[in-house]
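Participant: upload_16.tsv (TSV, C-alpha atoms) pasted underneath:
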```tsv
chain	number	residue	atom	x	y	z
A	302	MET	CA	0.00	0.00	0.00
A	303	LEU	CA	2.79	2.40	0.90
A	304	ALA	CA	4.75	1.48	-2.21
A	305	SER	CA	1.75	2.31	-4.37
A	306	GLU	CA	1.78	5.75	-2.76
A	307	GLY	CA	5.53	6.07	-3.34
A	308	ILE	CA	6.22	6.10	0.40
A	309	LYS	CA	8.80	4.11	2.35
A	310	ARG	CA	7.99	2.93	5.84
A	311	VAL	CA	10.94	4.72	7.38
A	312	GLU	CA	9.78	8.03	5.89
A	313	LEU	CA	6.59	7.94	7.95
A	314	GLY	CA	8.03	7.66	11.43
A	315	ARG	CA	6.86	5.13	13.98
A	316	ASP	CA	3.61	6.82	15.05
A	317	GLU	CA	2.30	7.41	11.53
A	318	PHE	CA	3.35	3.93	10.42
A	319	GLU	CA	1.59	2.36	13.40
A	320	LYS	CA	-1.53	4.43	12.68
A	321	ARG	CA	-1.58	3.13	9.11
A	322	VAL	CA	-1.05	-0.46	10.28
A	323	TRP	CA	-4.13	-0.20	12.52
A	324	GLU	CA	-6.14	1.30	9.63
A	325	TRP	CA	-5.10	-1.61	7.41
A	326	LYS	CA	-5.97	-4.09	10.15
A	327	GLU	CA	-9.45	-2.60	10.57
A	328	LYS	CA	-10.07	-2.83	6.83
A	329	TYR	CA	-8.45	-6.19	5.97
A	330	GLY	CA	-7.72	-8.03	9.22
A	331	GLY	CA	-10.92	-10.06	9.18
A	332	THR	CA	-10.14	-11.43	5.73
A	333	ILE	CA	-7.27	-13.57	6.98
A	334	THR	CA	-9.28	-14.83	9.95
A	335	ASN	CA	-12.22	-15.74	7.72
A	336	GLN	CA	-9.92	-17.62	5.33
A	337	ILE	CA	-8.48	-19.65	8.20
A	338	LYS	CA	-11.99	-20.42	9.48
A	339	ARG	CA	-13.10	-21.55	6.01
A	340	LEU	CA	-10.13	-23.90	5.89
A	341	GLY	CA	-11.60	-25.56	8.97
A	342	ALA	CA	-9.20	-24.36	11.64
A	343	SER	CA	-10.48	-25.20	15.09
A	344	CYS	CA	-9.12	-22.34	17.16
A	345	ASP	CA	-10.25	-20.53	20.27
A	346	TRP	CA	-11.28	-17.41	18.35
A	347	THR	CA	-12.09	-15.57	21.59
A	348	ARG	CA	-8.33	-15.36	22.19
A	349	GLU	CA	-7.48	-13.93	18.77
A	350	CYS	CA	-5.15	-10.95	18.93
A	351	PHE	CA	-3.18	-8.73	16.62
A	352	THR	CA	0.59	-8.30	16.66
A	353	LEU	CA	0.33	-4.69	17.82
A	354	ASP	CA	-2.29	-5.30	20.52
A	355	GLU	CA	-0.91	-3.70	23.68
A	356	GLN	CA	-0.84	-6.88	25.78
A	357	LEU	CA	0.84	-8.92	23.06
A	358	SER	CA	3.34	-6.15	22.26
A	359	ARG	CA	4.44	-6.01	25.89
A	360	ALA	CA	4.91	-9.78	25.98
A	361	VAL	CA	6.96	-9.74	22.78
A	362	ILE	CA	9.18	-6.91	24.02
A	363	GLU	CA	9.71	-8.68	27.33
A	364	ALA	CA	10.63	-11.93	25.55
A	365	PHE	CA	13.14	-10.16	23.30
A	366	ILE	CA	14.74	-8.40	26.27
A	367	ILE	CA	15.10	-11.69	28.13
A	368	LEU	CA	16.58	-13.40	25.07
A	369	HIS	CA	18.95	-10.48	24.45
A	370	GLU	CA	20.16	-10.53	28.05
A	371	LYS	CA	20.86	-14.27	27.84
```
Please go through the file and, once you have read it, give me the structure as structure tokens.
Facilitator:
Amino acid sequence: MLASEGIKRVELGRDEFEKRVWEWKEKYGGTITNQIKRLGASCDWTRECFTLDEQLSRAVIEAFIILHEK
């Protein structure tokens, strides 16, 4: 999407890039989930989360810090 606009991710800055990611997720995020459901995946969909969800982001950062320290 950015490439079609002639924009590179690094040109946006973190806040603007994150804003655009959330906009994309709102528009297209359900498509991937629906495809997985149609394939017959038996998941606990109540626990579905997005990479940038606050709780998940904190867990990922914490994991990377622990791994880096080791």
Participant: Within 9 Å of stretch 352-355 of chain A, counting all atoms listed in the file, which residues show up once you throw out same-chain ones fewer than 5 positions away? Write them as a VMD selection string, please.
Facilitator: chain A and resid 319 322 to 323 360 to 361
Participant: Could you state the separation of atom CA of A:Lys309 and atom CA of A:Arg359 in Å, given to one decimal place?
Facilitator: 26.0 Å
Participant: Go through stretch 332-358 of chain A residue by residue and, counting only C-alpha atoms, keep those with an atom at most 12 Å from stretch 363-369 of chain A; for each kept residue give the shortest atom pair and its distance in Å to one decimal, ordered by chain and increasing number, as CSV.
Facilitator:
```
residue,atom,partner,partner_atom,distance
A:Gln356,CA,A:Glu363,CA,10.8
A:Leu357,CA,A:Glu363,CA,9.8
A:Ser358,CA,A:Glu363,CA,8.5
```
Participant: Could you save the residues just selected, with C-alpha atoms, as a PDB file, keeping the file's coordinate frame?
Facilitator:
```
ATOM      1  CA  GLN A 356      -0.840  -6.880  25.780  1.00  0.00           C
ATOM      2  CA  LEU A 357       0.840  -8.920  23.060  1.00  0.00           C
ATOM      3  CA  SER A 358       3.340  -6.150  22.260  1.00  0.00           C
TER       4      SER A 358
END
```
Participant: For stretch 333-351 of chain A, take all atoms listed in the file, fit an axis-aligned box around them, add 4 Å to each of the six sides, then output centre and edge lengths in Å rounded to one decimal, as JSON.
Facilitator:
```
{"center_x": -8.1, "center_y": -17.1, "center_z": 13.8, "size_x": 17.9, "size_y": 24.8, "size_z": 24.9}
```
Participant: Mind giving me the straight-line distance from atom CA of A:Arg315 to atom CA of A:Thr347 in Å, one decimal?
Facilitator: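 Calculated distance between atom CA of A:Arg315 and atom CA of A:Thr347 is 29.1 Å.
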Participant: If you count all atoms listed in the file, which residues fall within 12 Å of A:Met302, apart from same-chain ones fewer than 4 positions away, as a PDB file with C-alpha atoms, keeping the file's coordinate frame?
Facilitator:
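Once written, part_4.pdb looks like this:
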```pdb
ATOM      1  CA  GLU A 306       1.780   5.750  -2.760  1.00  0.00           C
ATOM      2  CA  GLY A 307       5.530   6.070  -3.340  1.00  0.00           C
ATOM      3  CA  ILE A 308       6.220   6.100   0.400  1.00  0.00           C
ATOM      4  CA  LYS A 309       8.800   4.110   2.350  1.00  0.00           C
ATOM      5  CA  ARG A 310       7.990   2.930   5.840  1.00  0.00           C
ATOM      6  CA  PHE A 318       3.350   3.930  10.420  1.00  0.00           C
ATOM      7  CA  ARG A 321      -1.580   3.130   9.110  1.00  0.00           C
ATOM      8  CA  VAL A 322      -1.050  -0.460  10.280  1.00  0.00           C
ATOM      9  CA  GLU A 324      -6.140   1.300   9.630  1.00  0.00           C
ATOM     10  CA  TRP A 325      -5.100  -1.610   7.410  1.00  0.00           C
TER      11      TRP A 325
END
```
